[in-house]
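Note sheet for the following structure.
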Amino acid sequence: MNHSTLRRLALKSAFVFACAAFTVSLPTFAADEVLRVSAIPDEAPTELQRKFAPLGKYLEAQTGMKVVFTPVSDYATVVESLATKKIDLAWLGGFTFVQAKIRTNGTAIPIAQREEDSKFTSKFITADPSIKTLNDLKGKTFAFGAPSSTSGSLMPRFFLQQAGLNPEADFKRVAFSGAHDATVAFVAAGKADAGVLNASVWDKLVETKKVDTDKVHVFATTPPYFDYNWTVRGDLDPALVKKLTDAFLKLDPANPEHKEILALQRAAKFIPTKKENYDGIEKAAHAAGLLK
(Lines give C-alpha, C1' and ligand atoms only; values in the text may rest on other atoms or scores of the structure.)
Protein backbone atom coordinates (compact mmCIF):
# COMPACT_ATOMS: atom_id res chain seq x y z
CA MET A 1 0.00 0.00 0.00
CA ASN A 2 1.60 3.27 -1.09
CA HIS A 3 1.87 6.49 0.90
CA SER A 4 -0.95 8.19 -1.04
CA THR A 5 -3.39 5.36 -0.28
CA LEU A 6 -2.48 5.36 3.39
CA ARG A 7 -3.03 9.10 3.55
CA ARG A 8 -6.49 8.81 1.94
CA LEU A 9 -7.50 6.08 4.40
CA ALA A 10 -6.27 8.13 7.33
CA LEU A 11 -8.23 11.18 6.17
CA LYS A 12 -11.36 9.07 5.62
CA SER A 13 -11.07 7.57 9.13
CA ALA A 14 -10.62 11.01 10.66
CA PHE A 15 -13.71 12.29 8.81
CA VAL A 16 -15.84 9.33 9.93
CA PHE A 17 -14.68 9.78 13.53
CA ALA A 18 -15.45 13.52 13.43
CA CYS A 19 -18.91 12.87 12.01
CA ALA A 20 -19.59 10.27 14.70
CA ALA A 21 -18.44 12.63 17.44
CA PHE A 22 -20.63 15.42 16.03
CA THR A 23 -23.65 13.11 15.84
CA VAL A 24 -23.22 12.02 19.45
CA SER A 25 -22.72 15.52 20.83
CA LEU A 26 -25.49 17.26 18.87
CA PRO A 27 -28.52 15.99 20.89
CA THR A 28 -26.86 16.98 24.17
CA PHE A 29 -26.18 20.47 22.86
CA ALA A 30 -29.78 20.79 21.58
CA ALA A 31 -31.25 19.62 24.88
CA ASP A 32 -29.17 22.19 26.75
CA GLU A 33 -30.50 24.97 24.51
CA VAL A 34 -34.22 24.17 24.85
CA LEU A 35 -36.32 24.93 27.91
CA ARG A 36 -39.32 22.58 27.88
CA VAL A 37 -42.39 23.95 29.64
CA SER A 38 -45.88 22.67 30.37
CA ALA A 39 -48.84 23.41 32.62
CA ILE A 40 -51.73 21.64 34.27
CA PRO A 41 -54.71 21.75 31.89
CA ASP A 42 -57.06 23.71 34.15
CA GLU A 43 -58.30 25.68 31.12
CA ALA A 44 -58.69 24.90 27.41
CA PRO A 45 -55.33 24.14 25.67
CA THR A 46 -55.76 27.07 23.27
CA GLU A 47 -56.24 29.43 26.21
CA LEU A 48 -53.15 28.09 27.99
CA GLN A 49 -51.05 28.61 24.86
CA ARG A 50 -52.40 32.13 24.37
CA LYS A 51 -51.58 33.04 27.98
CA PHE A 52 -48.08 31.58 27.78
CA ALA A 53 -46.92 33.03 24.44
CA PRO A 54 -45.61 36.44 25.69
CA LEU A 55 -44.16 34.83 28.82
CA GLY A 56 -42.34 32.28 26.66
CA LYS A 57 -40.72 35.04 24.58
CA TYR A 58 -39.71 36.85 27.77
CA LEU A 59 -38.11 33.69 29.21
CA GLU A 60 -36.22 33.17 25.94
CA ALA A 61 -34.75 36.67 26.28
CA GLN A 62 -33.89 36.13 29.95
CA THR A 63 -32.28 32.69 29.55
CA GLY A 64 -30.90 32.75 26.00
CA MET A 65 -32.69 29.45 25.38
CA LYS A 66 -35.43 28.40 23.00
CA VAL A 67 -38.64 27.93 25.02
CA VAL A 68 -41.10 25.26 23.93
CA PHE A 69 -44.54 25.03 25.55
CA THR A 70 -46.40 21.73 25.27
CA PRO A 71 -50.00 21.49 26.51
CA VAL A 72 -51.12 18.15 27.91
CA SER A 73 -54.49 16.45 28.32
CA ASP A 74 -54.44 15.71 32.05
CA TYR A 75 -52.84 16.72 35.34
CA ALA A 76 -51.02 13.42 35.90
CA THR A 77 -49.06 13.84 32.66
CA VAL A 78 -47.49 17.09 33.87
CA VAL A 79 -46.36 15.47 37.12
CA GLU A 80 -44.98 12.41 35.32
CA SER A 81 -43.25 14.52 32.65
CA LEU A 82 -41.49 16.56 35.34
CA ALA A 83 -40.42 13.39 37.16
CA THR A 84 -39.12 11.71 33.98
CA LYS A 85 -37.29 14.86 32.81
CA LYS A 86 -39.46 15.34 29.71
CA ILE A 87 -40.12 18.91 30.85
CA ASP A 88 -37.98 21.36 32.82
CA LEU A 89 -40.50 23.90 34.11
CA ALA A 90 -44.18 23.44 34.95
CA TRP A 91 -47.12 25.57 36.07
CA LEU A 92 -48.64 23.50 38.87
CA GLY A 93 -51.49 23.81 41.31
CA GLY A 94 -50.80 23.31 44.99
CA PHE A 95 -51.93 19.67 44.96
CA THR A 96 -50.09 18.81 41.75
CA PHE A 97 -46.96 20.32 43.30
CA VAL A 98 -47.40 18.00 46.29
CA GLN A 99 -47.81 15.07 43.88
CA ALA A 100 -44.70 16.18 41.95
CA LYS A 101 -42.72 16.51 45.18
CA ILE A 102 -43.65 12.96 46.17
CA ARG A 103 -43.10 11.55 42.66
CA THR A 104 -39.63 13.15 42.42
CA ASN A 105 -38.61 12.06 45.94
CA GLY A 106 -38.70 15.63 47.17
CA THR A 107 -36.45 17.08 44.46
CA ALA A 108 -38.98 19.26 42.58
CA ILE A 109 -38.43 22.93 43.46
CA PRO A 110 -41.17 25.60 43.51
CA ILE A 111 -39.45 28.82 42.46
CA ALA A 112 -42.17 31.48 42.22
CA GLN A 113 -45.87 32.07 42.70
CA ARG A 114 -48.19 34.95 41.98
CA GLU A 115 -48.78 37.22 44.93
CA GLU A 116 -52.43 36.14 44.69
CA ASP A 117 -51.48 32.48 45.19
CA SER A 118 -50.50 33.04 48.81
CA LYS A 119 -54.17 33.73 49.58
CA PHE A 120 -56.08 31.91 46.88
CA THR A 121 -59.78 31.03 47.08
CA SER A 122 -62.40 28.96 45.28
CA LYS A 123 -65.91 30.11 44.36
CA PHE A 124 -69.04 27.98 44.76
CA ILE A 125 -71.48 28.87 41.96
CA THR A 126 -75.08 28.05 41.06
CA ALA A 127 -77.95 29.04 38.80
CA ASP A 128 -80.50 27.60 41.26
CA PRO A 129 -82.17 30.35 43.35
CA SER A 130 -82.92 27.84 46.11
CA ILE A 131 -79.18 27.35 46.81
CA LYS A 132 -77.98 30.10 49.14
CA THR A 133 -75.59 28.27 51.50
CA LEU A 134 -73.40 25.17 51.45
CA ASN A 135 -76.05 23.25 53.40
CA ASP A 136 -78.49 23.86 50.55
CA LEU A 137 -76.33 21.58 48.39
CA LYS A 138 -77.75 18.48 50.07
CA GLY A 139 -79.63 16.41 47.54
CA LYS A 140 -78.33 18.50 44.62
CA THR A 141 -76.07 17.63 41.69
CA PHE A 142 -72.59 19.14 41.92
CA ALA A 143 -69.59 19.63 39.61
CA PHE A 144 -65.95 19.74 40.68
CA GLY A 145 -63.22 20.55 38.13
CA ALA A 146 -60.50 17.95 37.57
CA PRO A 147 -59.94 15.32 40.32
CA SER A 148 -56.34 16.54 40.86
CA SER A 149 -57.22 20.23 40.84
CA THR A 150 -56.35 22.07 44.05
CA SER A 151 -58.87 24.87 43.62
CA GLY A 152 -61.45 22.93 41.63
CA SER A 153 -61.58 19.81 43.79
CA LEU A 154 -59.21 19.19 46.71
CA MET A 155 -59.54 22.35 48.78
CA PRO A 156 -63.28 22.88 48.13
CA ARG A 157 -63.84 19.25 49.17
CA PHE A 158 -61.74 19.82 52.30
CA PHE A 159 -63.79 22.89 53.27
CA LEU A 160 -67.06 21.09 52.51
CA GLN A 161 -65.96 18.34 54.89
CA GLN A 162 -65.13 20.95 57.52
CA ALA A 163 -68.69 22.25 57.07
CA GLY A 164 -69.99 18.73 57.77
CA LEU A 165 -70.77 17.78 54.18
CA ASN A 166 -69.68 14.59 52.41
CA PRO A 167 -70.18 15.14 48.66
CA GLU A 168 -70.59 11.47 47.78
CA ALA A 169 -73.08 10.87 50.59
CA ASP A 170 -74.93 14.21 50.76
CA PHE A 171 -75.16 15.27 47.11
CA LYS A 172 -77.48 13.64 44.59
CA ARG A 173 -74.65 13.22 42.09
CA VAL A 174 -71.02 14.36 41.84
CA ALA A 175 -69.40 15.05 38.46
CA PHE A 176 -65.95 16.20 37.33
CA SER A 177 -65.98 18.73 34.49
CA GLY A 178 -62.22 18.54 33.87
CA ALA A 179 -61.51 22.29 33.94
CA HIS A 180 -62.67 25.49 35.64
CA ASP A 181 -64.30 27.06 32.59
CA ALA A 182 -66.04 23.75 31.88
CA THR A 183 -67.53 23.80 35.40
CA VAL A 184 -69.18 27.14 34.67
CA ALA A 185 -70.54 25.72 31.42
CA PHE A 186 -71.93 22.70 33.33
CA VAL A 187 -73.78 24.93 35.79
CA ALA A 188 -75.00 27.39 33.13
CA ALA A 189 -76.37 24.52 31.02
CA GLY A 190 -78.12 22.86 33.97
CA LYS A 191 -75.86 19.78 33.89
CA ALA A 192 -75.17 20.45 37.57
CA ASP A 193 -77.13 22.41 40.17
CA ALA A 194 -73.92 23.90 41.53
CA GLY A 195 -70.16 23.71 41.12
CA VAL A 196 -66.86 25.11 42.26
CA LEU A 197 -63.92 26.75 40.47
CA ASN A 198 -60.98 28.95 41.28
CA ALA A 199 -61.51 32.65 41.89
CA SER A 200 -59.06 33.74 39.18
CA VAL A 201 -60.85 31.95 36.33
CA TRP A 202 -64.25 33.06 37.65
CA ASP A 203 -63.11 36.71 37.69
CA LYS A 204 -61.71 36.40 34.17
CA LEU A 205 -64.95 34.89 32.82
CA VAL A 206 -66.93 37.69 34.45
CA GLU A 207 -64.62 40.42 33.11
CA THR A 208 -64.74 39.01 29.57
CA LYS A 209 -68.53 38.53 29.81
CA LYS A 210 -68.27 34.81 29.13
CA VAL A 211 -70.66 34.06 31.95
CA ASP A 212 -74.12 35.53 32.51
CA THR A 213 -73.99 36.66 36.14
CA ASP A 214 -77.73 37.28 36.11
CA LYS A 215 -78.05 33.52 35.74
CA VAL A 216 -74.93 32.00 37.33
CA HIS A 217 -73.72 33.56 40.56
CA VAL A 218 -71.36 32.95 43.50
CA PHE A 219 -73.04 31.87 46.73
CA ALA A 220 -70.01 30.91 48.84
CA THR A 221 -66.23 31.40 48.92
CA THR A 222 -63.62 29.19 50.60
CA PRO A 223 -61.12 30.45 53.18
CA PRO A 224 -57.73 31.32 51.59
CA TYR A 225 -54.98 28.78 50.93
CA PHE A 226 -51.69 28.54 48.97
CA ASP A 227 -52.09 27.43 45.37
CA TYR A 228 -50.35 27.74 42.00
CA ASN A 229 -46.60 27.97 41.43
CA TRP A 230 -43.89 27.56 38.81
CA THR A 231 -41.84 24.44 39.61
CA VAL A 232 -38.57 23.17 38.13
CA ARG A 233 -37.19 19.66 38.15
CA GLY A 234 -34.63 19.27 40.91
CA ASP A 235 -31.62 18.34 38.76
CA LEU A 236 -31.82 21.42 36.53
CA ASP A 237 -28.60 23.46 36.39
CA PRO A 238 -28.65 25.75 39.51
CA ALA A 239 -27.52 28.68 37.34
CA LEU A 240 -30.57 28.18 35.10
CA VAL A 241 -32.85 27.84 38.12
CA LYS A 242 -31.58 31.20 39.37
CA LYS A 243 -32.10 32.81 35.95
CA LEU A 244 -35.68 31.54 35.83
CA THR A 245 -36.42 32.59 39.40
CA ASP A 246 -34.98 36.07 38.83
CA ALA A 247 -36.92 36.37 35.58
CA PHE A 248 -40.26 35.82 37.33
CA LEU A 249 -39.43 38.01 40.31
CA LYS A 250 -38.39 41.02 38.24
CA LEU A 251 -41.57 41.16 36.17
CA ASP A 252 -42.71 44.73 36.78
CA PRO A 253 -46.26 45.99 36.08
CA ALA A 254 -44.81 49.46 35.43
CA ASN A 255 -43.05 48.03 32.35
CA PRO A 256 -45.57 47.85 29.44
CA GLU A 257 -44.13 44.56 28.13
CA HIS A 258 -44.22 43.02 31.60
CA LYS A 259 -47.71 44.40 32.25
CA GLU A 260 -49.11 42.34 29.36
CA ILE A 261 -47.40 39.18 30.63
CA LEU A 262 -48.68 39.72 34.18
CA ALA A 263 -52.19 40.50 32.94
CA LEU A 264 -52.36 37.23 30.98
CA GLN A 265 -51.10 35.36 34.04
CA ARG A 266 -53.64 37.26 36.17
CA ALA A 267 -50.82 38.32 38.47
CA ALA A 268 -50.07 41.59 40.25
CA LYS A 269 -46.50 40.33 40.56
CA PHE A 270 -44.56 37.13 41.27
CA ILE A 271 -43.05 36.44 44.69
CA PRO A 272 -40.69 33.73 46.01
CA THR A 273 -42.22 30.52 47.31
CA LYS A 274 -41.02 27.38 49.09
CA LYS A 275 -42.04 23.76 49.58
CA GLU A 276 -43.28 24.38 53.11
CA ASN A 277 -46.06 26.64 51.80
CA TYR A 278 -47.82 23.53 50.53
CA ASP A 279 -47.72 21.48 53.73
CA GLY A 280 -51.34 22.44 54.45
CA ILE A 281 -52.46 21.16 51.05
CA GLU A 282 -50.59 17.90 51.63
CA LYS A 283 -52.42 17.47 54.95
CA ALA A 284 -55.76 18.23 53.27
CA ALA A 285 -54.99 15.63 50.58
CA HIS A 286 -54.27 13.01 53.25
CA ALA A 287 -57.49 13.95 55.06
CA ALA A 288 -59.45 13.57 51.82
CA GLY A 289 -57.88 10.16 51.19
CA LEU A 290 -56.14 11.35 48.02
CA LEU A 291 -52.65 10.54 49.32
CA LYS A 292 -51.56 7.41 51.15
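Every chain in the C-alpha coordinates takes a letter, A first, then B, and so on in the order presented; its residues are numbered from 1, and the ligands are numbered from 1 following the presented order.
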Mind listing the strand (DSSP E) residues of segment 69-121 of chain A, per DSSP on the backbone, as a ChimeraX atom specification? /A:69,89-92,109-114
Could you pull the residues within 9 Å of Ile125 of chain A, counting only C-alpha atoms, minus those fewer than 2 positions along the same chain, as a CSV table (one decimal) with N, CA and C atoms, in the first residue's frame?
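After the write, part.csv holds the following:
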```csv
chain,number,residue,atom,x,y,z
A,123,LYS,N,-64.6,29.6,44.4
A,123,LYS,CA,-65.9,30.1,44.4
A,123,LYS,C,-66.9,29.0,44.1
A,127,ALA,N,-76.9,28.3,39.5
A,127,ALA,CA,-78.0,29.0,38.8
A,127,ALA,C,-79.3,28.7,39.4
A,184,VAL,N,-68.2,26.1,34.9
A,184,VAL,CA,-69.2,27.1,34.7
A,184,VAL,C,-70.2,26.8,33.6
A,187,VAL,N,-72.8,24.3,35.0
A,187,VAL,CA,-73.8,24.9,35.8
A,187,VAL,C,-74.7,25.8,34.9
A,193,ASP,N,-76.4,21.3,39.4
A,193,ASP,CA,-77.1,22.4,40.2
A,193,ASP,C,-76.2,23.4,40.7
A,194,ALA,N,-74.9,23.0,41.0
A,194,ALA,CA,-73.9,23.9,41.5
A,194,ALA,C,-72.5,23.3,41.2
A,195,GLY,N,-71.5,24.2,41.4
A,195,GLY,CA,-70.2,23.7,41.1
A,195,GLY,C,-69.2,24.6,41.8
A,196,VAL,N,-67.9,24.3,41.6
A,196,VAL,CA,-66.9,25.1,42.3
A,196,VAL,C,-65.7,25.3,41.3
A,197,LEU,N,-65.1,26.5,41.3
A,197,LEU,CA,-63.9,26.7,40.5
A,197,LEU,C,-63.1,27.8,41.2
A,216,VAL,N,-75.9,32.8,36.5
A,216,VAL,CA,-74.9,32.0,37.3
A,216,VAL,C,-74.3,33.0,38.3
A,217,HIS,N,-74.3,32.6,39.6
A,217,HIS,CA,-73.7,33.6,40.6
A,217,HIS,C,-73.0,32.8,41.7
A,218,VAL,N,-72.1,33.5,42.4
A,218,VAL,CA,-71.4,33.0,43.5
A,218,VAL,C,-72.2,33.0,44.8
A,219,PHE,N,-72.3,31.9,45.5
A,219,PHE,CA,-73.0,31.9,46.7
A,219,PHE,C,-72.2,31.5,47.9
A,220,ALA,N,-70.9,31.2,47.7
A,220,ALA,CA,-70.0,30.9,48.8
A,220,ALA,C,-68.6,31.0,48.3
```
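Counting only C-alpha atoms, the residue from A:Leu59, A:Leu92, A:Leu154, A:Ile40 that sits nearest to His258 of chain A is A:Leu59.
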Take atom CA of Ser38 of chain A and atom CA of Ala90 of chain A and report the distance between them in Å, one decimal. 5.0 Å
Report the residues of segment 122-212 of chain A whose backbone DSSP state falls under helix (DSSP H, G or I), written as a PyMOL selection string. chain A and resi 134-137+150-162+167-170+180-188+199-207
How close does each residue of segment 184-267 of chain A get to segment 98-118 of chain A, giving the shortest atom pair and distance in Å to one decimal for every residue with an atom at most 8 Å away, counting only C-alpha atoms, sorted by chain and residue number, as a tab-separated table?
```
residue	atom	partner	partner_atom	distance
A:Pro224	CA	A:Ser118	CA	7.9
A:Tyr225	CA	A:Ser118	CA	6.5
A:Phe226	CA	A:Ser118	CA	4.7
A:Asp227	CA	A:Asp117	CA	5.1
A:Tyr228	CA	A:Asp117	CA	5.8
A:Asn229	CA	A:Gln113	CA	4.4
A:Trp230	CA	A:Ala112	CA	5.5
A:Thr231	CA	A:Pro110	CA	4.1
A:Val232	CA	A:Ile109	CA	5.3
A:Arg233	CA	A:Ala108	CA	4.8
A:Gly234	CA	A:Thr107	CA	4.6
A:Asp235	CA	A:Thr107	CA	7.6
A:Val241	CA	A:Ile111	CA	8.0
A:Thr245	CA	A:Ile111	CA	5.7
A:Phe248	CA	A:Ala112	CA	6.8
A:Leu249	CA	A:Ala112	CA	7.3
A:Ala267	CA	A:Arg114	CA	5.5
```
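Distance check against Glu257 of chain A using only C-alpha atoms: of A:Leu55, A:Val174, A:Val206, A:Leu236, the minimum falls on A:Leu55.
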For Asp74 of chain A, find every residue with an atom within 10 Å (counting only C-alpha atoms), except residues of its own chain fewer than 4 positions away, and show them as a PDB file with N, CA and C atoms, in the first residue's frame.
```
ATOM      1  N   ALA A  39     -47.956  22.896  31.573  1.00  0.00           N
ATOM      2  CA  ALA A  39     -48.841  23.414  32.625  1.00  0.00           C
ATOM      3  C   ALA A  39     -50.001  22.455  32.825  1.00  0.00           C
ATOM      4  N   ILE A  40     -50.532  22.439  34.044  1.00  0.00           N
ATOM      5  CA  ILE A  40     -51.726  21.639  34.274  1.00  0.00           C
ATOM      6  C   ILE A  40     -52.866  22.179  33.407  1.00  0.00           C
ATOM      7  N   PRO A  41     -53.668  21.306  32.821  1.00  0.00           N
ATOM      8  CA  PRO A  41     -54.714  21.748  31.895  1.00  0.00           C
ATOM      9  C   PRO A  41     -55.989  22.188  32.608  1.00  0.00           C
ATOM     10  N   ASP A  42     -55.886  23.258  33.399  1.00  0.00           N
ATOM     11  CA  ASP A  42     -57.062  23.711  34.149  1.00  0.00           C
ATOM     12  C   ASP A  42     -57.955  24.626  33.318  1.00  0.00           C
ATOM     13  N   VAL A  78     -48.442  16.036  33.510  1.00  0.00           N
ATOM     14  CA  VAL A  78     -47.490  17.090  33.871  1.00  0.00           C
ATOM     15  C   VAL A  78     -46.563  16.607  34.986  1.00  0.00           C
ATOM     16  N   VAL A  79     -47.149  15.987  36.005  1.00  0.00           N
ATOM     17  CA  VAL A  79     -46.358  15.472  37.123  1.00  0.00           C
ATOM     18  C   VAL A  79     -45.361  14.428  36.632  1.00  0.00           C
ATOM     19  N   ALA A 146     -61.229  19.198  37.777  1.00  0.00           N
ATOM     20  CA  ALA A 146     -60.495  17.946  37.574  1.00  0.00           C
ATOM     21  C   ALA A 146     -60.219  17.312  38.936  1.00  0.00           C
ATOM     22  N   PRO A 147     -60.174  15.975  39.021  1.00  0.00           N
ATOM     23  CA  PRO A 147     -59.940  15.317  40.319  1.00  0.00           C
ATOM     24  C   PRO A 147     -58.660  15.774  41.021  1.00  0.00           C
ATOM     25  N   SER A 148     -57.615  16.114  40.253  1.00  0.00           N
ATOM     26  CA  SER A 148     -56.341  16.537  40.858  1.00  0.00           C
ATOM     27  C   SER A 148     -56.211  18.045  41.009  1.00  0.00           C
ATOM     28  N   GLY A 178     -63.550  18.594  34.484  1.00  0.00           N
ATOM     29  CA  GLY A 178     -62.222  18.538  33.869  1.00  0.00           C
ATOM     30  C   GLY A 178     -61.470  19.845  33.875  1.00  0.00           C
ATOM     31  N   ALA A 179     -62.181  20.985  33.941  1.00  0.00           N
ATOM     32  CA  ALA A 179     -61.514  22.293  33.936  1.00  0.00           C
ATOM     33  C   ALA A 179     -62.451  23.343  34.517  1.00  0.00           C
TER      34      ALA A 179
END
```
Report as a PyMOL selection string all protein, DNA and RNA residues lying within 9 Å of Leu165 of chain A, evaluated on only C-alpha atoms, omitting residues in the same chain fewer than 6 positions from it. chain A and resi 134-135+137-138+157+159+171
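Ranking A:Asp181, A:Glu276, A:Asp252, A:Glu60 by their shortest atom-to-atom distance to Gly145 of chain A, with only C-alpha atoms included, puts A:Asp181 first.
Closest to Lys191 of chain A among A:Thr126, A:Ala169, A:Leu240, A:Pro54 is A:Thr126, based on only C-alpha atoms.
Distances to Lys215 of chain A were evaluated for A:Ile261, A:Pro129, A:His180, A:Arg266 using only C-alpha atoms, and the minimum falls at A:Pro129.
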